[in-house]
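> Here you go, this is work.csv (CSV, C-alpha atoms).
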chain,number,residue,atom,x,y,z
A,1,MET,CA,-25.9,0.6,-12.7
A,2,GLU,CA,-22.6,-1.0,-12.0
A,3,LEU,CA,-19.3,0.4,-13.2
A,4,MET,CA,-16.4,-2.0,-13.3
A,5,LEU,CA,-12.8,-0.7,-13.6
A,6,LYS,CA,-11.0,-3.0,-15.9
A,7,VAL,CA,-7.8,-4.7,-14.8
A,8,PRO,CA,-4.9,-6.0,-16.9
A,9,ALA,CA,-5.3,-9.3,-18.7
A,10,ASN,CA,-2.6,-11.0,-16.5
A,11,CYS,CA,-4.6,-10.3,-13.3
A,12,ILE,CA,-7.4,-12.4,-11.9
A,13,VAL,CA,-10.6,-10.5,-11.1
A,14,VAL,CA,-12.1,-11.7,-7.8
A,15,GLN,CA,-15.7,-10.7,-7.4
A,16,GLN,CA,-17.2,-11.6,-4.0
A,17,PRO,CA,-20.7,-11.1,-2.7
A,18,ARG,CA,-21.2,-7.9,-0.9
A,19,ARG,CA,-21.1,-9.5,2.5
A,20,ALA,CA,-19.5,-6.8,4.6
A,21,PHE,CA,-22.1,-4.1,4.2
A,22,LEU,CA,-25.3,-5.7,3.0
A,23,GLY,CA,-27.0,-8.1,5.4
A,24,GLY,CA,-30.4,-9.7,5.0
A,25,ALA,CA,-33.8,-8.4,4.2
A,26,GLY,CA,-33.7,-4.6,4.0
A,27,THR,CA,-30.7,-3.9,6.2
A,28,SER,CA,-27.2,-2.8,5.6
A,29,ARG,CA,-24.6,-4.0,8.1
A,30,LEU,CA,-21.0,-3.0,8.5
A,31,GLY,CA,-19.6,-6.3,9.6
A,32,ALA,CA,-20.3,-8.7,12.5
A,33,THR,CA,-18.0,-6.9,14.9
A,34,GLY,CA,-18.9,-3.4,14.2
A,35,THR,CA,-22.1,-1.6,15.3
A,36,ASN,CA,-25.0,-2.5,13.0
A,37,ARG,CA,-26.2,0.5,11.1
A,38,LYS,CA,-29.5,-0.2,9.6
A,39,GLN,CA,-30.5,1.5,6.4
A,40,ARG,CA,-33.0,0.9,3.7
A,41,VAL,CA,-31.9,-1.3,0.8
A,42,TYR,CA,-33.9,-0.9,-2.3
A,43,SER,CA,-34.6,-3.6,-4.9
A,44,SER,CA,-33.9,-3.1,-8.6
A,45,SER,CA,-37.5,-2.1,-9.1
A,46,SER,CA,-37.3,0.9,-6.7
A,47,SER,CA,-36.2,4.4,-7.5
A,48,ALA,CA,-32.8,4.0,-5.8
A,49,ILE,CA,-29.6,4.3,-7.7
A,50,SER,CA,-26.6,2.2,-6.7
A,51,MET,CA,-23.4,3.0,-8.6
A,52,ILE,CA,-20.6,0.5,-7.7
A,53,PRO,CA,-17.2,1.3,-9.2
A,54,LYS,CA,-15.0,-1.7,-8.3
A,55,MET,CA,-11.3,-2.4,-8.7
A,56,SER,CA,-10.6,-6.0,-7.7
A,57,ILE,CA,-7.1,-7.3,-8.3
A,58,SER,CA,-5.4,-10.6,-7.5
A,59,ALA,CA,-1.7,-9.9,-7.7
A,60,ILE,CA,-0.1,-13.0,-9.1
A,61,PRO,CA,3.7,-13.1,-9.4
A,62,ASN,CA,4.8,-12.5,-13.0
A,63,GLN,CA,6.4,-15.6,-14.5
A,64,ARG,CA,7.5,-14.1,-17.8
A,65,GLY,CA,11.2,-14.3,-18.5
A,66,ASP,CA,12.4,-13.7,-15.0
A,67,LYS,CA,15.5,-15.8,-15.3
A,68,SER,CA,16.6,-14.0,-18.5
A,69,MET,CA,15.9,-10.6,-16.9
A,70,SER,CA,18.0,-11.4,-13.8
A,71,LYS,CA,21.1,-11.8,-16.0
A,72,ASN,CA,21.0,-8.2,-17.0
A,73,LYS,CA,22.1,-6.5,-13.8
A,74,ILE,CA,21.3,-2.8,-13.4
A,75,ASP,CA,23.8,-0.8,-11.4
A,76,ILE,CA,21.4,-0.1,-8.6
A,77,PRO,CA,22.4,-1.9,-5.4
A,78,ILE,CA,19.6,-2.1,-2.9
A,79,MET,CA,19.5,-2.9,0.8
A,80,VAL,CA,16.1,-4.4,1.9
A,81,ASN,CA,15.4,-3.7,5.6
A,82,GLY,CA,12.8,-6.1,6.8
A,83,CYS,CA,14.1,-8.9,4.6
A,84,SER,CA,12.8,-11.6,7.0
A,85,GLY,CA,9.2,-10.5,6.4
A,86,LYS,CA,7.0,-11.7,3.6
A,87,MET,CA,7.0,-8.3,2.0
A,88,GLY,CA,10.7,-8.0,2.2
A,89,LYS,CA,11.2,-11.4,0.6
A,90,ALA,CA,8.7,-10.5,-2.2
A,91,ILE,CA,10.7,-7.3,-2.9
A,92,ILE,CA,14.0,-9.2,-3.0
A,93,GLN,CA,12.6,-11.6,-5.6
A,94,ALA,CA,11.1,-8.8,-7.7
A,95,ALA,CA,14.4,-6.9,-7.5
A,96,ASP,CA,16.4,-9.9,-8.6
A,97,SER,CA,14.0,-10.5,-11.5
A,98,ALA,CA,14.4,-6.9,-12.6
A,99,GLY,CA,18.1,-7.1,-12.6
A,100,LEU,CA,18.8,-5.0,-9.4
A,101,GLY,CA,21.6,-6.1,-7.1
A,102,VAL,CA,20.5,-6.9,-3.6
A,103,VAL,CA,23.3,-6.4,-1.0
A,104,PRO,CA,23.7,-9.3,1.5
A,105,VAL,CA,23.0,-7.1,4.5
A,106,SER,CA,19.8,-6.0,6.2
A,107,PHE,CA,18.6,-4.5,9.5
A,108,GLY,CA,16.3,-6.3,11.9
A,109,SER,CA,15.4,-6.5,15.5
A,110,ALA,CA,17.9,-7.3,18.3
A,111,GLU,CA,16.5,-10.9,18.4
A,112,GLU,CA,17.3,-11.3,14.6
A,113,SER,CA,20.8,-9.9,14.9
A,114,GLY,CA,23.3,-12.4,13.5
A,115,GLN,CA,20.8,-14.5,11.7
A,116,THR,CA,20.9,-15.2,7.9
A,117,VAL,CA,17.9,-15.0,5.7
A,118,GLN,CA,17.9,-17.0,2.5
A,119,VAL,CA,15.8,-15.6,-0.4
A,120,GLY,CA,16.3,-17.6,-3.6
A,121,ALA,CA,20.0,-17.6,-4.3
A,122,THR,CA,20.6,-14.5,-2.0
A,123,GLU,CA,21.8,-15.0,1.6
A,124,ILE,CA,21.4,-11.9,3.7
A,125,LEU,CA,23.0,-11.3,7.1
A,126,VAL,CA,20.8,-9.4,9.6
A,127,HIS,CA,22.3,-6.7,11.8
A,128,GLY,CA,20.7,-5.6,15.0
A,129,PRO,CA,20.0,-2.0,16.2
A,130,SER,CA,23.4,-1.4,17.8
A,131,GLU,CA,25.3,-1.9,14.6
A,132,ARG,CA,23.1,0.1,12.2
A,133,GLU,CA,24.9,3.4,11.7
A,134,SER,CA,28.4,2.0,11.2
A,135,THR,CA,27.1,-0.8,9.0
A,136,LEU,CA,25.1,1.6,6.8
A,137,ALA,CA,28.0,4.0,6.5
A,138,SER,CA,30.3,1.2,5.4
A,139,LEU,CA,27.8,-0.1,2.9
A,140,LEU,CA,27.3,3.4,1.3
A,141,GLU,CA,31.1,3.7,1.0
A,142,LYS,CA,31.3,0.3,-0.7
A,143,TYR,CA,28.2,0.9,-2.8
A,144,PRO,CA,28.0,4.6,-3.7
A,145,ASN,CA,24.7,4.1,-5.6
A,146,LEU,CA,23.1,2.3,-2.7
A,147,ILE,CA,19.3,2.8,-2.2
A,148,VAL,CA,17.6,1.4,0.9
A,149,VAL,CA,14.2,-0.2,0.8
A,150,ASP,CA,12.3,-0.1,4.1
A,151,PHE,CA,9.5,-2.5,4.8
A,152,THR,CA,10.0,-2.9,8.5
A,153,VAL,CA,7.5,-2.2,11.3
A,154,PRO,CA,5.5,1.0,12.4
A,155,SER,CA,7.5,1.4,15.6
A,156,ALA,CA,10.8,1.6,13.6
A,157,VAL,CA,9.6,4.2,11.0
A,158,ASN,CA,10.9,7.4,12.6
A,159,ASP,CA,14.2,6.0,13.9
A,160,ASN,CA,15.0,4.4,10.5
A,161,ALA,CA,14.2,7.6,8.6
A,162,GLU,CA,16.5,9.6,11.0
A,163,LEU,CA,19.3,7.1,10.4
A,164,TYR,CA,19.0,7.2,6.6
A,165,GLY,CA,19.0,11.0,6.7
A,166,LYS,CA,22.0,11.1,9.0
A,167,VAL,CA,24.1,8.8,6.8
A,168,GLY,CA,22.8,10.5,3.7
A,169,VAL,CA,21.5,7.4,1.8
A,170,PRO,CA,18.5,7.6,-0.6
A,171,PHE,CA,15.6,5.4,0.5
A,172,VAL,CA,12.2,4.0,-0.5
A,173,MET,CA,9.8,3.5,2.4
A,174,GLY,CA,6.6,1.6,2.2
A,175,THR,CA,6.3,1.0,5.9
A,176,THR,CA,3.1,2.5,7.4
A,177,GLY,CA,2.5,3.9,10.8
A,178,GLY,CA,4.8,5.9,13.1
A,179,ASP,CA,4.6,9.6,13.5
A,180,ARG,CA,4.0,10.7,9.9
A,181,ASP,CA,4.4,14.4,10.5
A,182,GLN,CA,7.7,13.8,12.3
A,183,LEU,CA,8.8,11.4,9.5
A,184,TYR,CA,8.3,14.0,6.8
A,185,LYS,CA,10.0,16.8,8.9
A,186,THR,CA,13.0,14.5,9.5
A,187,VAL,CA,13.5,13.7,5.9
A,188,GLU,CA,12.9,17.2,4.7
A,189,ASP,CA,15.5,18.5,7.2
A,190,SER,CA,18.1,15.9,6.2
A,191,LYS,CA,17.9,16.8,2.5
A,192,VAL,CA,18.0,13.2,1.2
A,193,TYR,CA,16.3,11.6,-1.8
A,194,ALA,CA,13.3,9.6,-0.7
A,195,VAL,CA,10.1,7.9,-2.0
A,196,ILE,CA,7.7,7.6,0.8
A,197,SER,CA,4.3,6.0,0.2
A,198,PRO,CA,2.0,3.9,2.3
A,199,GLN,CA,0.7,2.3,-0.9
A,200,MET,CA,3.2,0.9,-3.5
A,201,GLY,CA,0.7,-0.8,-5.8
A,202,LYS,CA,0.7,1.3,-8.9
A,203,GLN,CA,-2.8,0.6,-10.0
A,204,VAL,CA,-4.2,1.4,-6.5
A,205,VAL,CA,-2.1,4.6,-6.5
A,206,ALA,CA,-3.7,5.5,-9.9
A,207,PHE,CA,-7.2,5.0,-8.2
A,208,LEU,CA,-6.0,7.3,-5.4
A,209,ALA,CA,-4.9,9.9,-7.9
A,210,ALA,CA,-8.4,9.8,-9.5
A,211,MET,CA,-10.0,10.2,-6.1
A,212,GLU,CA,-7.7,13.3,-5.4
A,213,ILE,CA,-8.7,14.8,-8.7
A,214,MET,CA,-12.4,14.4,-8.0
A,215,ALA,CA,-11.9,15.9,-4.5
A,216,GLU,CA,-10.0,18.8,-5.9
A,217,GLN,CA,-12.4,19.6,-8.7
A,218,PHE,CA,-15.7,18.8,-7.0
A,219,PRO,CA,-15.4,19.8,-3.3
A,220,GLY,CA,-18.6,19.2,-1.3
A,221,ALA,CA,-20.1,17.0,-4.0
A,222,PHE,CA,-21.2,14.4,-1.4
A,223,SER,CA,-22.2,16.8,1.4
A,224,GLY,CA,-24.7,15.2,3.7
A,225,TYR,CA,-23.9,11.6,2.6
A,226,SER,CA,-22.9,9.0,5.3
A,227,LEU,CA,-19.8,6.8,4.9
A,228,GLN,CA,-19.0,3.3,6.0
A,229,VAL,CA,-15.5,1.9,5.6
A,230,MET,CA,-14.2,-1.6,6.0
A,231,GLU,CA,-10.6,-2.8,5.5
A,232,SER,CA,-9.3,-6.3,5.8
A,233,HIS,CA,-5.6,-7.3,6.0
A,234,GLN,CA,-3.6,-10.2,7.2
A,235,SER,CA,-3.6,-10.5,10.9
A,236,SER,CA,0.0,-9.5,11.2
A,237,LYS,CA,-0.8,-6.0,10.1
A,238,VAL,CA,-1.3,-4.1,13.3
A,239,ASP,CA,-2.1,-0.6,12.1
A,240,THR,CA,-4.9,1.0,10.0
A,241,SER,CA,-4.3,1.0,6.3
A,242,GLY,CA,-2.7,4.2,5.0
A,243,THR,CA,-4.5,3.7,1.8
A,244,ALA,CA,-7.9,3.8,3.6
A,245,LYS,CA,-6.9,7.0,5.3
A,246,ALA,CA,-5.9,8.6,2.0
A,247,VAL,CA,-9.2,7.6,0.4
A,248,ILE,CA,-11.2,8.9,3.4
A,249,SER,CA,-9.3,12.2,3.2
A,250,CYS,CA,-10.6,12.6,-0.3
A,251,PHE,CA,-14.1,11.8,0.8
A,252,GLN,CA,-13.8,14.4,3.6
A,253,LYS,CA,-12.9,17.0,1.0
A,254,LEU,CA,-16.0,15.9,-1.0
A,255,GLY,CA,-18.1,16.9,2.0
A,256,LEU,CA,-18.4,13.7,4.1
A,257,CYS,CA,-18.0,13.9,7.9
A,258,PHE,CA,-16.0,10.8,9.0
A,259,ASP,CA,-13.6,10.1,11.8
A,260,MET,CA,-10.7,7.7,11.1
A,261,GLU,CA,-11.6,5.9,14.3
A,262,GLN,CA,-14.8,4.7,12.5
A,263,ILE,CA,-12.9,2.5,10.1
A,264,GLN,CA,-13.8,-1.1,10.7
A,265,LEU,CA,-10.6,-3.2,10.8
A,266,ILE,CA,-11.1,-6.9,10.0
A,267,ARG,CA,-8.1,-9.0,11.2
A,268,ASP,CA,-10.0,-12.2,12.3
A,269,THR,CA,-9.5,-14.9,9.7
A,270,GLN,CA,-12.9,-16.4,10.1
A,271,GLN,CA,-14.6,-13.1,9.5
A,272,GLN,CA,-12.3,-12.5,6.6
A,273,ILE,CA,-13.5,-15.7,4.9
A,274,GLU,CA,-17.2,-15.6,5.8
A,275,MET,CA,-18.0,-11.9,6.0
A,276,VAL,CA,-15.4,-10.3,3.6
A,277,GLY,CA,-14.9,-13.1,1.1
A,278,VAL,CA,-11.2,-13.4,1.2
A,279,PRO,CA,-9.9,-16.5,-0.5
A,280,GLU,CA,-8.4,-18.8,2.1
A,281,GLU,CA,-5.1,-19.1,0.3
A,282,HIS,CA,-4.6,-15.3,0.6
A,283,LEU,CA,-5.5,-14.9,4.3
A,284,SER,CA,-1.8,-14.4,5.0
A,285,GLY,CA,-1.4,-11.6,2.4
A,286,HIS,CA,-4.3,-9.5,1.2
A,287,ALA,CA,-5.8,-6.0,1.2
A,288,PHE,CA,-9.6,-5.7,0.8
A,289,HIS,CA,-11.1,-2.2,1.1
A,290,MET,CA,-14.7,-1.2,0.7
A,291,TYR,CA,-16.2,2.4,1.0
A,292,HIS,CA,-20.0,2.6,1.1
A,293,LEU,CA,-21.7,6.0,0.7
A,294,THR,CA,-25.4,6.7,1.3
A,295,SER,CA,-27.5,9.8,0.6
A,296,PRO,CA,-29.3,11.6,3.4
A,297,ASP,CA,-32.7,10.1,2.3
A,298,GLN,CA,-31.1,6.7,1.6
A,299,THR,CA,-32.3,6.6,-2.0
A,300,VAL,CA,-28.8,6.8,-3.5
A,301,SER,CA,-25.7,4.7,-2.7
A,302,PHE,CA,-22.2,4.5,-4.0
A,303,GLU,CA,-19.7,1.7,-3.3
A,304,PHE,CA,-16.0,1.8,-4.1
A,305,GLN,CA,-14.0,-1.4,-3.6
A,306,HIS,CA,-10.4,-2.5,-4.3
A,307,ASN,CA,-9.3,-6.0,-3.4
A,308,VAL,CA,-5.7,-7.2,-3.7
A,309,CYS,CA,-4.6,-10.8,-3.1
A,310,GLY,CA,-0.9,-11.4,-2.7
A,311,ARG,CA,2.1,-9.1,-2.5
A,312,SER,CA,3.6,-9.0,-6.0
A,313,ILE,CA,1.7,-5.7,-6.9
A,314,TYR,CA,3.5,-3.9,-4.0
A,315,ALA,CA,6.9,-5.6,-4.7
A,316,GLU,CA,6.8,-4.6,-8.4
A,317,GLY,CA,5.8,-1.0,-7.5
A,318,THR,CA,8.6,-0.8,-5.0
A,319,VAL,CA,11.1,-1.9,-7.7
A,320,ASP,CA,9.8,0.9,-10.0
A,321,ALA,CA,10.1,3.4,-7.1
A,322,VAL,CA,13.8,2.3,-6.7
A,323,ILE,CA,14.5,2.8,-10.4
A,324,PHE,CA,12.7,6.1,-10.3
A,325,LEU,CA,14.7,7.3,-7.3
A,326,ALA,CA,18.0,6.1,-8.8
A,327,LYS,CA,17.3,8.2,-11.9
A,328,LYS,CA,16.6,11.3,-9.8
A,329,VAL,CA,19.9,10.8,-8.0
A,330,HIS,CA,21.8,10.3,-11.2
A,331,SER,CA,20.3,13.4,-12.9
A,332,GLY,CA,21.0,15.6,-9.9
A,333,ALA,CA,17.3,16.4,-9.4
A,334,ASP,CA,16.1,18.1,-6.2
A,335,LYS,CA,16.7,16.2,-3.0
A,336,ARG,CA,13.2,15.9,-1.7
A,337,ILE,CA,10.4,13.5,-0.7
A,338,TYR,CA,8.7,11.9,-3.7
A,339,ASN,CA,5.7,9.6,-3.7
A,340,MET,CA,4.2,6.9,-5.9
A,341,MET,CA,2.2,9.5,-7.8
A,342,ASP,CA,5.5,11.0,-8.9
A,343,VAL,CA,6.6,7.6,-10.0
A,344,LEU,CA,3.4,7.1,-12.0
A,345,ARG,CA,3.8,10.5,-13.6
A,346,GLU,CA,7.3,9.8,-14.7
A,347,GLY,CA,6.1,6.9,-16.8
A,348,ASN,CA,8.3,4.3,-18.4
A,349,MET,CA,7.4,1.7,-15.8
A,350,ARG,CA,8.1,-1.9,-16.5
Represent the supplied structure as structure tokens.


Amino acid sequence: MELMLKVPANCIVVQQPRRAFLGGAGTSRLGATGTNRKQRVYSSSSSAISMIPKMSISAIPNQRGDKSMSKNKIDIPIMVNGCSGKMGKAIIQAADSAGLGVVPVSFGSAEESGQTVQVGATEILVHGPSERESTLASLLEKYPNLIVVDFTVPSAVNDNAELYGKVGVPFVMGTTGGDRDQLYKTVEDSKVYAVISPQMGKQVVAFLAAMEIMAEQFPGAFSGYSLQVMESHQSSKVDTSGTAKAVISCFQKLGLCFDMEQIQLIRDTQQQIEMVGVPEEHLSGHAFHMYHLTSPDQTVSFEFQHNVCGRSIYAEGTVDAVIFLAKKVHSGADKRIYNMMDVLREGNMR
């Protein structure tokens, strides 16, 4: 029995053969580079049950009325740190289409200091580490409603959060990695408004929410089951997916024993094409995740999959998070850390 989660009409559903886990004749393999873990694979005539909920999304930039929208500027100036990266550029484009004002300043590495980055009609000057605090304080004075968007690198997560808290500027952080416990402690102690989420795609976050509900209401439901996890991202992503970790955490509450070190990371482009089934045009920007569960006697299996091609799904979600946070600041809500589930619960997304 196969269950398919429906995606919006303006998304392209990409269904690939189950290459990552299912090998040939009666075996199940977790990829070419991982340790082969053989298990029985039953045909449709056997007594096995295979339930495969899938969410497969190809995020294609929205072409509807972008030019007209950009004329209606919203009084939310944003600073995009990491503007030279592909994710940063996608966010700037999405912000401009939504009518947000992108300030012409960004933070980058020492090597990028003094460079300008052109994104559409916006030219942004990149400042290095030594100029960060004074530059950010001046920007906040010039733009009192400023919100910072951080899509930098894992090694910068903690220092950046400390800076935003010290200056007192609200921020949205989608950067993964770093010391997450220290990150949350730093932000909580600084008492600033923040949205922190390793996953900015709204539909993927909704899937995570469903997983959390299942884990909360049915703890131990999968006790004894084994779990295999594969995640494939563009080769420039150096850390393990935060989304994969969040899903695995739910499975652990459902009774599965699994160590994060067992996640199979696919970063080799040839494997991504041949084994995972990533379209070649999306090798530089994709997120393919597969979670395969098997019962102790190997007669029942479940497979959860969510595939994202492109970056627009994350860029649009980030813009929604910015608007959400701006409303919290304007209403005088509690200064605390919010996440994308809070954004989803608020509703009224574009």

> What does the distance between atom CA of Val238 of chain A and atom CA of Ser190 of chain A come to in Å, to one decimal place?

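Computing the Euclidean distance for atom CA of Val238 of chain A and atom CA of Ser190 of chain A yields 28.8 Å.
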
> Have a look at atom CA of Lys253 of chain A and atom CA of Asp342 of chain A and let me know their distance in Å, one decimal.

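Straight-line distance from atom CA of Lys253 of chain A to atom CA of Asp342 of chain A works out to 21.7 Å.
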
> Using atom CA of His286 of chain A and atom CA of Ala121 of chain A as the two end points, give the distance in Å to one decimal.

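Spanning atom CA of His286 of chain A to atom CA of Ala121 of chain A is a straight-line distance of 26.2 Å.
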
> I need the residue nearest Ala98 of chain A from this list: A:Gly165, A:Pro77, A:Gly332, A:Gly85. Use all atoms listed in the file for the distance.

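Once distances to Ala98 of chain A are computed over all atoms listed in the file, the minimum belongs to A:Pro77.
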
> Around (-6.4, -3.0, 8.4), as given in the file, which residues come within 9 Å? Count only C-alpha atoms and list them as a VMD selection string.

chain A and resid 230 to 235 237 to 242 244 263 to 267 287 to 289

> Go ahead and write the residues just picked, C-alpha atoms, as a PDB file, in the coordinates of the input.


ATOM      1  CA  MET A 230     -14.200  -1.600   6.000  1.00  0.00           C
ATOM      2  CA  GLU A 231     -10.600  -2.800   5.500  1.00  0.00           C
ATOM      3  CA  SER A 232      -9.300  -6.300   5.800  1.00  0.00           C
ATOM      4  CA  HIS A 233      -5.600  -7.300   6.000  1.00  0.00           C
ATOM      5  CA  GLN A 234      -3.600 -10.200   7.200  1.00  0.00           C
ATOM      6  CA  SER A 235      -3.600 -10.500  10.900  1.00  0.00           C
ATOM      7  CA  LYS A 237      -0.800  -6.000  10.100  1.00  0.00           C
ATOM      8  CA  VAL A 238      -1.300  -4.100  13.300  1.00  0.00           C
ATOM      9  CA  ASP A 239      -2.100  -0.600  12.100  1.00  0.00           C
ATOM     10  CA  THR A 240      -4.900   1.000  10.000  1.00  0.00           C
ATOM     11  CA  SER A 241      -4.300   1.000   6.300  1.00  0.00           C
ATOM     12  CA  GLY A 242      -2.700   4.200   5.000  1.00  0.00           C
ATOM     13  CA  ALA A 244      -7.900   3.800   3.600  1.00  0.00           C
ATOM     14  CA  ILE A 263     -12.900   2.500  10.100  1.00  0.00           C
ATOM     15  CA  GLN A 264     -13.800  -1.100  10.700  1.00  0.00           C
ATOM     16  CA  LEU A 265     -10.600  -3.200  10.800  1.00  0.00           C
ATOM     17  CA  ILE A 266     -11.100  -6.900  10.000  1.00  0.00           C
ATOM     18  CA  ARG A 267      -8.100  -9.000  11.200  1.00  0.00           C
ATOM     19  CA  ALA A 287      -5.800  -6.000   1.200  1.00  0.00           C
ATOM     20  CA  PHE A 288      -9.600  -5.700   0.800  1.00  0.00           C
ATOM     21  CA  HIS A 289     -11.100  -2.200   1.100  1.00  0.00           C
TER      22      HIS A 289
END

> Using all atoms listed in the file, which residues sit within 12 Å of Gly255 of chain A once same-chain residues fewer than 2 positions away are excluded, as a PyMOL selection string?

chain A and resi 214-216+218-227+248-253+257-258+293+295

> Can you write just those residues out, C-alpha atoms, as a compact mmCIF listing (two decimals), in the frame of the given file?


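The result, written out as selection.txt:
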# COMPACT_ATOMS: atom_id res chain seq x y z
CA MET A 214 -12.40 14.40 -8.00
CA ALA A 215 -11.90 15.90 -4.50
CA GLU A 216 -10.00 18.80 -5.90
CA PHE A 218 -15.70 18.80 -7.00
CA PRO A 219 -15.40 19.80 -3.30
CA GLY A 220 -18.60 19.20 -1.30
CA ALA A 221 -20.10 17.00 -4.00
CA PHE A 222 -21.20 14.40 -1.40
CA SER A 223 -22.20 16.80 1.40
CA GLY A 224 -24.70 15.20 3.70
CA TYR A 225 -23.90 11.60 2.60
CA SER A 226 -22.90 9.00 5.30
CA LEU A 227 -19.80 6.80 4.90
CA ILE A 248 -11.20 8.90 3.40
CA SER A 249 -9.30 12.20 3.20
CA CYS A 250 -10.60 12.60 -0.30
CA PHE A 251 -14.10 11.80 0.80
CA GLN A 252 -13.80 14.40 3.60
CA LYS A 253 -12.90 17.00 1.00
CA CYS A 257 -18.00 13.90 7.90
CA PHE A 258 -16.00 10.80 9.00
CA LEU A 293 -21.70 6.00 0.70
CA SER A 295 -27.50 9.80 0.60

> Measuring between all atoms listed in the file, which one of A:Met290, A:Ala137, A:Met341, A:Ile323 shows the shortest distance to Val172 of chain A?

A:Ile323

> Starting from the incomplete input, reconstruct N, CA and C atoms of segment 84-100 of chain A and write that as an mmCIF file, in the frame of the given file.


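New file rebuild_3.cif:
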data_model
loop_
_atom_site.group_PDB
_atom_site.id
_atom_site.type_symbol
_atom_site.label_atom_id
_atom_site.label_comp_id
_atom_site.auth_asym_id
_atom_site.auth_seq_id
_atom_site.Cartn_x
_atom_site.Cartn_y
_atom_site.Cartn_z
ATOM 1 N N SER A 84 13.327 -10.362 6.434
ATOM 2 C CA SER A 84 12.800 -11.600 7.000
ATOM 3 C C SER A 84 11.276 -11.697 6.849
ATOM 4 N N GLY A 85 10.638 -10.565 6.589
ATOM 5 C CA GLY A 85 9.200 -10.500 6.400
ATOM 6 C C GLY A 85 8.763 -10.969 5.038
ATOM 7 N N LYS A 86 7.481 -11.274 4.892
ATOM 8 C CA LYS A 86 7.000 -11.700 3.600
ATOM 9 C C LYS A 86 7.077 -10.647 2.537
ATOM 10 N N MET A 87 6.841 -9.384 2.938
ATOM 11 C CA MET A 87 7.000 -8.300 2.000
ATOM 12 C C MET A 87 8.399 -8.086 1.569
ATOM 13 N N GLY A 88 9.313 -8.152 2.525
ATOM 14 C CA GLY A 88 10.700 -8.000 2.200
ATOM 15 C C GLY A 88 11.210 -9.081 1.243
ATOM 16 N N LYS A 89 10.775 -10.303 1.463
ATOM 17 C CA LYS A 89 11.200 -11.400 0.600
ATOM 18 C C LYS A 89 10.599 -11.220 -0.818
ATOM 19 N N ALA A 90 9.362 -10.740 -0.895
ATOM 20 C CA ALA A 90 8.700 -10.500 -2.200
ATOM 21 C C ALA A 90 9.499 -9.429 -2.976
ATOM 22 N N ILE A 91 9.963 -8.396 -2.270
ATOM 23 C CA ILE A 91 10.700 -7.300 -2.900
ATOM 24 C C ILE A 91 12.059 -7.822 -3.419
ATOM 25 N N ILE A 92 12.724 -8.646 -2.631
ATOM 26 C CA ILE A 92 14.000 -9.200 -3.000
ATOM 27 C C ILE A 92 13.856 -10.019 -4.320
ATOM 28 N N GLN A 93 12.816 -10.826 -4.372
ATOM 29 C CA GLN A 93 12.600 -11.600 -5.600
ATOM 30 C C GLN A 93 12.268 -10.753 -6.780
ATOM 31 N N ALA A 94 11.444 -9.707 -6.572
ATOM 32 C CA ALA A 94 11.100 -8.800 -7.700
ATOM 33 C C ALA A 94 12.344 -8.020 -8.131
ATOM 34 N N ALA A 95 13.171 -7.605 -7.187
ATOM 35 C CA ALA A 95 14.400 -6.900 -7.500
ATOM 36 C C ALA A 95 15.352 -7.718 -8.318
ATOM 37 N N ASP A 96 15.501 -8.973 -7.912
ATOM 38 C CA ASP A 96 16.400 -9.900 -8.600
ATOM 39 C C ASP A 96 15.877 -10.127 -10.049
ATOM 40 N N SER A 97 14.558 -10.287 -10.186
ATOM 41 C CA SER A 97 14.000 -10.500 -11.500
ATOM 42 C C SER A 97 14.170 -9.285 -12.413
ATOM 43 N N ALA A 98 14.177 -8.086 -11.811
ATOM 44 C CA ALA A 98 14.400 -6.900 -12.600
ATOM 45 C C ALA A 98 15.811 -6.547 -12.872
ATOM 46 N N GLY A 99 16.727 -7.325 -12.293
ATOM 47 C CA GLY A 99 18.100 -7.100 -12.600
ATOM 48 C C GLY A 99 18.841 -6.205 -11.565
ATOM 49 N N LEU A 100 18.173 -5.846 -10.473
ATOM 50 C CA LEU A 100 18.800 -5.000 -9.400
ATOM 51 C C LEU A 100 19.678 -5.945 -8.563
#
